[in-house]
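**Q** Got work.txt for you, compact mmCIF, C-alpha atoms:
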```
# COMPACT_ATOMS: atom_id res chain seq x y z
CA SER A 1 0.00 0.00 0.00
CA GLN A 2 1.04 3.62 -0.48
CA LYS A 3 3.03 4.99 2.39
CA ILE A 4 4.52 8.39 3.17
CA GLU A 5 6.94 8.59 6.09
CA GLN A 6 8.24 11.60 7.92
CA ASN A 7 10.29 11.60 11.10
CA SER A 8 7.77 11.15 13.86
CA GLU A 9 10.15 12.45 16.48
CA ALA A 10 10.50 16.17 16.92
CA LEU A 11 13.55 17.88 15.46
CA ASN A 12 15.23 20.27 17.88
CA ILE A 13 17.86 22.66 16.55
CA GLN A 14 19.58 25.84 17.56
CA GLU A 15 18.73 29.17 16.02
CA GLY A 16 20.88 29.95 13.01
CA LYS A 17 21.45 26.33 12.04
CA THR A 18 19.98 24.57 9.02
CA ALA A 19 17.00 22.31 9.67
CA THR A 20 16.59 19.33 7.36
CA LEU A 21 13.34 17.37 7.27
CA THR A 22 12.84 14.12 5.39
CA CYS A 23 9.89 12.72 3.48
CA ASN A 24 10.10 9.17 2.13
CA TYR A 25 7.43 7.39 0.14
CA THR A 26 6.78 3.89 -1.17
CA ASN A 27 4.44 2.35 -3.74
CA TYR A 28 3.76 5.73 -5.26
CA SER A 29 4.73 7.68 -8.37
CA PRO A 30 3.83 11.27 -7.59
CA ALA A 31 3.47 13.90 -10.27
CA TYR A 32 4.54 16.48 -7.73
CA LEU A 33 5.17 16.99 -4.05
CA GLN A 34 4.24 19.84 -1.74
CA TRP A 35 5.39 20.99 1.67
CA TYR A 36 3.04 22.64 4.14
CA ARG A 37 3.53 24.27 7.51
CA GLN A 38 1.03 23.78 10.32
CA ASP A 39 0.93 25.79 13.54
CA PRO A 40 -1.01 24.54 16.60
CA GLY A 41 -4.74 25.11 16.24
CA ARG A 42 -4.47 26.17 12.61
CA GLY A 43 -4.82 24.67 9.16
CA PRO A 44 -1.81 23.77 7.02
CA VAL A 45 -0.28 26.55 4.95
CA PHE A 46 1.39 25.88 1.59
CA LEU A 47 5.12 26.53 1.35
CA LEU A 48 6.65 24.96 -1.76
CA LEU A 49 5.85 22.65 -4.66
CA ILE A 50 8.33 20.55 -6.63
CA ARG A 51 7.52 18.49 -9.71
CA GLU A 52 8.81 15.03 -10.58
CA ASN A 53 11.14 16.41 -13.26
CA GLU A 54 12.67 19.00 -10.91
CA LYS A 55 15.59 18.30 -8.62
CA GLU A 56 15.52 21.38 -6.44
CA LYS A 57 13.35 24.40 -5.63
CA ARG A 58 14.17 27.43 -3.51
CA LYS A 59 12.16 30.17 -1.88
CA GLU A 60 13.95 32.62 0.38
CA ARG A 61 15.41 30.51 3.25
CA LEU A 62 13.59 27.36 2.12
CA LYS A 63 14.92 24.66 -0.20
CA VAL A 64 13.28 21.45 -1.34
CA THR A 65 14.90 18.56 -3.18
CA PHE A 66 13.14 15.67 -4.88
CA ASP A 67 14.81 12.37 -5.75
CA THR A 68 12.39 10.05 -7.56
CA THR A 69 14.97 7.26 -7.60
CA LEU A 70 15.38 7.30 -3.83
CA LYS A 71 11.69 8.18 -3.45
CA GLN A 72 12.62 10.95 -1.10
CA SER A 73 12.22 14.68 -0.62
CA LEU A 74 14.33 16.81 1.69
CA PHE A 75 13.12 20.13 3.08
CA HIS A 76 15.75 22.58 4.32
CA ILE A 77 15.34 25.77 6.33
CA THR A 78 18.57 27.75 6.45
CA ALA A 79 19.40 30.27 9.17
CA SER A 80 16.51 28.87 11.21
CA GLN A 81 14.63 31.12 13.62
CA PRO A 82 12.37 30.38 16.61
CA ALA A 83 9.46 31.59 14.43
CA ASP A 84 10.12 28.58 12.17
CA SER A 85 8.97 26.27 14.98
CA ALA A 86 5.95 24.37 13.67
CA THR A 87 4.92 21.01 12.20
CA TYR A 88 5.93 20.49 8.58
CA LEU A 89 3.90 18.18 6.36
CA CYS A 90 4.83 16.73 3.00
CA ALA A 91 2.08 15.82 0.57
CA LEU A 92 2.13 13.91 -2.71
CA VAL A 93 -0.15 14.15 -5.70
CA GLY A 94 -0.43 11.38 -8.26
CA ARG A 95 -1.14 11.74 -11.96
CA ASN A 96 -4.65 12.53 -13.19
CA THR A 97 -5.90 13.28 -9.71
CA ASP A 98 -6.30 16.24 -7.39
CA LYS A 99 -5.89 14.14 -4.25
CA LEU A 100 -3.20 15.20 -1.81
CA ILE A 101 -1.81 12.35 0.31
CA PHE A 102 -0.18 13.75 3.43
CA GLY A 103 2.62 12.44 5.59
CA THR A 104 2.15 12.53 9.36
CA GLY A 105 4.42 15.54 9.73
CA THR A 106 7.57 16.42 11.64
CA ARG A 107 7.54 18.90 14.48
CA LEU A 108 10.43 21.36 14.35
CA GLN A 109 11.52 23.28 17.43
CA VAL A 110 14.11 26.04 17.01
CA PHE A 111 15.74 27.19 20.23
CA PRO A 112 17.25 30.66 20.65
CA ASP B 1 -10.31 37.81 0.78
CA ALA B 2 -11.34 36.19 4.07
CA GLY B 3 -9.91 32.81 3.16
CA VAL B 4 -11.71 29.52 3.72
CA ILE B 5 -14.34 29.87 6.44
CA GLN B 6 -15.43 26.97 8.61
CA SER B 7 -18.08 26.77 11.28
CA PRO B 8 -18.39 25.95 14.03
CA ARG B 9 -14.80 26.18 15.24
CA HIS B 10 -15.53 23.84 18.13
CA GLU B 11 -18.28 21.28 18.59
CA VAL B 12 -18.95 19.07 21.58
CA THR B 13 -21.76 16.57 21.23
CA GLU B 14 -22.96 13.30 22.64
CA MET B 15 -22.72 9.97 20.92
CA GLY B 16 -25.65 9.36 18.62
CA GLN B 17 -26.29 13.00 17.81
CA GLU B 18 -26.13 14.46 14.33
CA VAL B 19 -23.23 16.81 13.61
CA THR B 20 -23.06 19.23 10.68
CA LEU B 21 -19.86 21.00 9.75
CA ARG B 22 -19.91 23.91 7.32
CA CYS B 23 -17.43 25.36 4.88
CA LYS B 24 -17.30 28.41 2.65
CA PRO B 25 -14.48 28.16 0.10
CA ILE B 26 -12.52 31.06 -1.31
CA SER B 27 -14.53 32.83 -3.97
CA GLY B 28 -13.58 31.65 -7.45
CA HIS B 29 -12.11 28.34 -6.32
CA ASN B 30 -13.48 25.34 -8.21
CA SER B 31 -12.40 22.48 -5.95
CA LEU B 32 -13.28 21.83 -2.33
CA PHE B 33 -11.73 19.20 -0.08
CA TRP B 34 -12.76 17.80 3.32
CA TYR B 35 -10.01 16.35 5.55
CA ARG B 36 -9.90 14.79 9.00
CA GLN B 37 -6.83 15.06 11.24
CA THR B 38 -6.06 12.85 14.24
CA MET B 39 -2.87 12.11 16.11
CA MET B 40 -2.99 8.46 15.09
CA ARG B 41 -3.79 8.80 11.40
CA GLY B 42 -2.61 12.29 10.52
CA LEU B 43 -4.38 14.31 7.83
CA GLU B 44 -6.71 12.18 5.69
CA LEU B 45 -8.75 13.22 2.68
CA LEU B 46 -12.41 12.32 3.10
CA ILE B 47 -13.98 13.66 -0.08
CA TYR B 48 -13.44 16.30 -2.72
CA PHE B 49 -15.66 18.21 -5.12
CA ASN B 50 -14.94 19.92 -8.40
CA ASN B 51 -17.47 22.44 -9.68
CA ASN B 52 -19.86 21.25 -6.94
CA VAL B 53 -19.73 17.62 -8.11
CA PRO B 54 -18.26 14.93 -5.81
CA ILE B 55 -15.23 13.47 -7.57
CA ASP B 56 -13.75 11.09 -5.04
CA ASP B 57 -15.40 9.98 -1.80
CA SER B 58 -13.24 6.91 -1.22
CA GLY B 59 -11.95 8.38 2.02
CA MET B 60 -15.38 8.69 3.63
CA PRO B 61 -15.13 6.20 6.49
CA GLU B 62 -18.70 4.95 6.68
CA ASP B 63 -22.26 5.57 5.60
CA ARG B 64 -22.63 7.68 8.71
CA PHE B 65 -20.65 10.37 6.88
CA SER B 66 -22.14 12.39 4.04
CA ALA B 67 -21.09 15.57 2.26
CA LYS B 68 -22.89 17.99 -0.01
CA MET B 69 -22.01 21.03 -2.04
CA PRO B 70 -25.26 22.65 -3.16
CA ASN B 71 -23.49 25.65 -4.70
CA ALA B 72 -20.04 27.07 -5.34
CA SER B 73 -19.89 28.92 -2.03
CA PHE B 74 -21.06 26.34 0.50
CA SER B 75 -20.43 22.76 1.56
CA THR B 76 -21.47 20.61 4.50
CA LEU B 77 -20.07 17.48 6.09
CA LYS B 78 -22.60 15.58 8.16
CA ILE B 79 -22.08 12.76 10.62
CA GLN B 80 -25.18 10.87 11.69
CA PRO B 81 -25.08 9.25 14.17
CA SER B 82 -21.82 10.49 15.66
CA GLU B 83 -19.50 8.20 17.64
CA PRO B 84 -16.58 8.94 20.01
CA ARG B 85 -14.09 7.70 17.39
CA ASP B 86 -15.22 10.54 15.12
CA SER B 87 -13.51 13.00 17.47
CA ALA B 88 -10.93 14.84 15.39
CA VAL B 89 -10.18 18.15 13.70
CA TYR B 90 -12.01 18.49 10.40
CA PHE B 91 -10.49 20.78 7.78
CA CYS B 92 -11.96 22.18 4.63
CA ALA B 93 -9.67 23.36 1.82
CA SER B 94 -10.28 24.95 -1.55
CA ARG B 95 -8.30 25.35 -4.72
CA ALA B 96 -8.59 27.08 -8.04
CA ASP B 97 -8.31 24.95 -11.17
CA TYR B 98 -5.29 26.93 -12.38
CA GLN B 99 -3.34 26.27 -9.17
CA GLU B 100 -1.99 23.22 -7.39
CA THR B 101 -2.03 24.92 -4.00
CA GLN B 102 -4.79 24.12 -1.54
CA TYR B 103 -5.90 26.76 0.97
CA PHE B 104 -7.05 25.37 4.28
CA GLY B 105 -9.60 26.73 6.69
CA PRO B 106 -8.98 26.97 10.44
CA GLY B 107 -10.69 23.63 11.11
CA THR B 108 -13.54 22.42 13.31
CA ARG B 109 -12.49 20.62 16.46
CA LEU B 110 -15.10 17.93 17.12
CA LEU B 111 -15.42 16.05 20.39
CA VAL B 112 -18.00 13.29 20.63
CA LEU B 113 -18.63 12.16 24.19
```
Reformat the file's structure so that it appears as structure tokens.
**A**
Amino acid sequence: SQKIEQNSEALNIQEGKTATLTCNYTNYSPAYLQWYRQDPGRGPVFLLLIRENEKEKRKERLKVTFDTTLKQSLFHITASQPADSATYLCALVGRNTDKLIFGTGTRLQVFP
Amino acid sequence: DAGVIQSPRHEVTEMGQEVTLRCKPISGHNSLFWYRQTMMRGLELLIYFNNNVPIDDSGMPEDRFSAKMPNASFSTLKIQPSEPRDSAVYFCASRADYQETQYFGPGTRLLVL
């Protein structure tokens, strides 16, 4: 069955360091992958999208990579700040569908 | 734009009661999605509509769940009868056909006692 895995344990890092979050998937051939941020008590907010034929995407301090051979996406936040503390969700979309399949998310905590 | 609007924000009910959750998508968006989020199962898609027509309801857990979209600006998710295992946060999201991004509402936190 299709499976999307993200680190279930929280990631704790010091302010200024680079945070790297992992999203692995199996039994799936996504057309594209998205990353969302979710704060407590709120809905997810879209951050970045990367397509299957793209290796890397950047937006300000954010960078996403997509390796369809490894079936993995990495999400990087450089120069992390306490305000980056949140849960980060990856989501995959298959071909000919609008369905987003979400991972369970990784909670990031950035300490000053 | 006010974004996706959901009501109520919190709902506490007793087992066996009917629960109706409401969603107003962003104006101009053609697709509407209902999700359920729990600690155990994460964020799961229940059903989605395109141009008010249900496209995929394979995530609806049981016949106790039903969803409607009578027009482009309103959708409901109904649970009848409700059970304690239905306790979760229910999110509505909308999307325009020319975008891949979904915009989520603030969610309805449901507790069934």
**Q** Please provide the set of residues having any atom within 8 Å of Ala2 of chain B, restricted to all atoms listed in the file, with same-chain residues fewer than 2 positions apart removed, written as a VMD selection string.
**A** chain B and resid 4 to 5 26
**Q** With all atoms listed in the file as the basis for distance, which of A:Gln109, A:Thr20, A:Ser8, A:Ser29 is at the shortest distance from chain B?
**A**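 Closest to chain B, using all atoms listed in the file: A:Ser8.
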**Q** I'd like the contact shell of Gly42 of chain B - 8 Å cut-off, all atoms listed in the file, skipping same-chain residues fewer than 4 positions apart - returned as a PyMOL selection string.
**A** (chain A and resi 102-105) or (chain B and resi 36-38)
**Q** Measuring between only C-alpha atoms, which one of B:Arg9, B:Val19, B:Phe91, B:Phe74 shows the shortest distance to Leu46 of chain B?
**A**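 Looking at the shortest contact to Leu46 of chain B, the residue is B:Phe91.
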**Q** Around the point (-14.6, 23.3, 13.5) in the file's coordinates, collect all residues with an atom within 10 Å, using only C-alpha atoms, and return them as a list in words.
**A**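 Counting only C-alpha atoms, I find these residues within 10 Å of (-14.6, 23.3, 13.5): Ile5, Gln6, Ser7, Pro8, Arg9, His10, Glu11, Thr20, Leu21, Arg22, Cys23, Ala88, Val89, Tyr90, Phe91, Cys92, Gly105, Pro106, Gly107, Thr108, Arg109 and Leu110 of chain B.
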**Q** What is the distance, in Å and to one decimal place, between atom CA of Pro44 of chain A and atom CA of Leu62 of chain A?
**A** 16.6 Å
**Q** Report as an NGL selection string all protein, DNA and RNA residues lying within 8 Å of Tyr103 of chain B, evaluated on all atoms listed in the file, omitting residues in the same chain fewer than 3 positions from it.
**A** (:A and (44-46)) or (:B and (3-4 or 93-95))
**Q** Counting only C-alpha atoms, find the residues whose atoms lie at most 12 Å from (22.3, 29.9, 10.9) (file coordinates) and write them out as a list in words.
**A**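 Returned residue set, sorted by chain then number, is Ile13, Gln14, Glu15, Gly16, Lys17, Thr18, Ala19, Arg61, His76, Ile77, Thr78, Ala79, Ser80, Gln81, Pro82, Val110, Phe111 and Pro112 of chain A.
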**Q** For chain A, list the residues within 10 Å of chain B, counting all atoms listed in the file, and write the list as an NGL selection string.
**A** :A and (32 or 34 or 36 or 41-49 or 89 or 91 or 93 or 97-105)
**Q** If the box runs along x, y and z of the file and leaves 3 Å on each side of segment 55-73 of chain B, what are its centre and edge lengths in Å, one decimal, as AutoDock Vina command-line options?
**A**
```
--center_x -18.6 --center_y 16.9 --center_z 0.6 --size_x 19.3 --size_y 30.0 --size_z 22.3
```
**Q** Give me the residues within 12 Å of Ile79 of chain B as a list in words, counting all atoms listed in the file and dropping any in the same chain fewer than 5 places off.
**A**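 The residues satisfying every condition are Thr13, Met15, Gly16, Gln17, Glu18, Val19, Thr20, Leu21, Arg22, Met60, Pro61, Glu62, Asp63, Arg64, Phe65, Ser66, Ala67, Lys68, Pro84, Arg85, Asp86, Ser87, Tyr90, Leu110 and Val112 of chain B.
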**Q** In Å, how far is it from atom CA of Glu14 of chain B to atom CA of Gln38 of chain A?
**A**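 We find that atom CA of Glu14 of chain B and atom CA of Gln38 of chain A lie 28.9 Å from each other.
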**Q** Between atom CA of Leu70 of chain A and atom CA of Gln99 of chain B, measure the distance and give it in Å to one decimal.
**A** 27.2 Å
**Q** Determine the nearest neighbour of Thr76 of chain B from the options B:Leu113, B:His29, B:Ser58, B:Lys24, counting all atoms listed in the file.
**A**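 That would be B:Lys24, the residue with the smallest distance to Thr76 of chain B.
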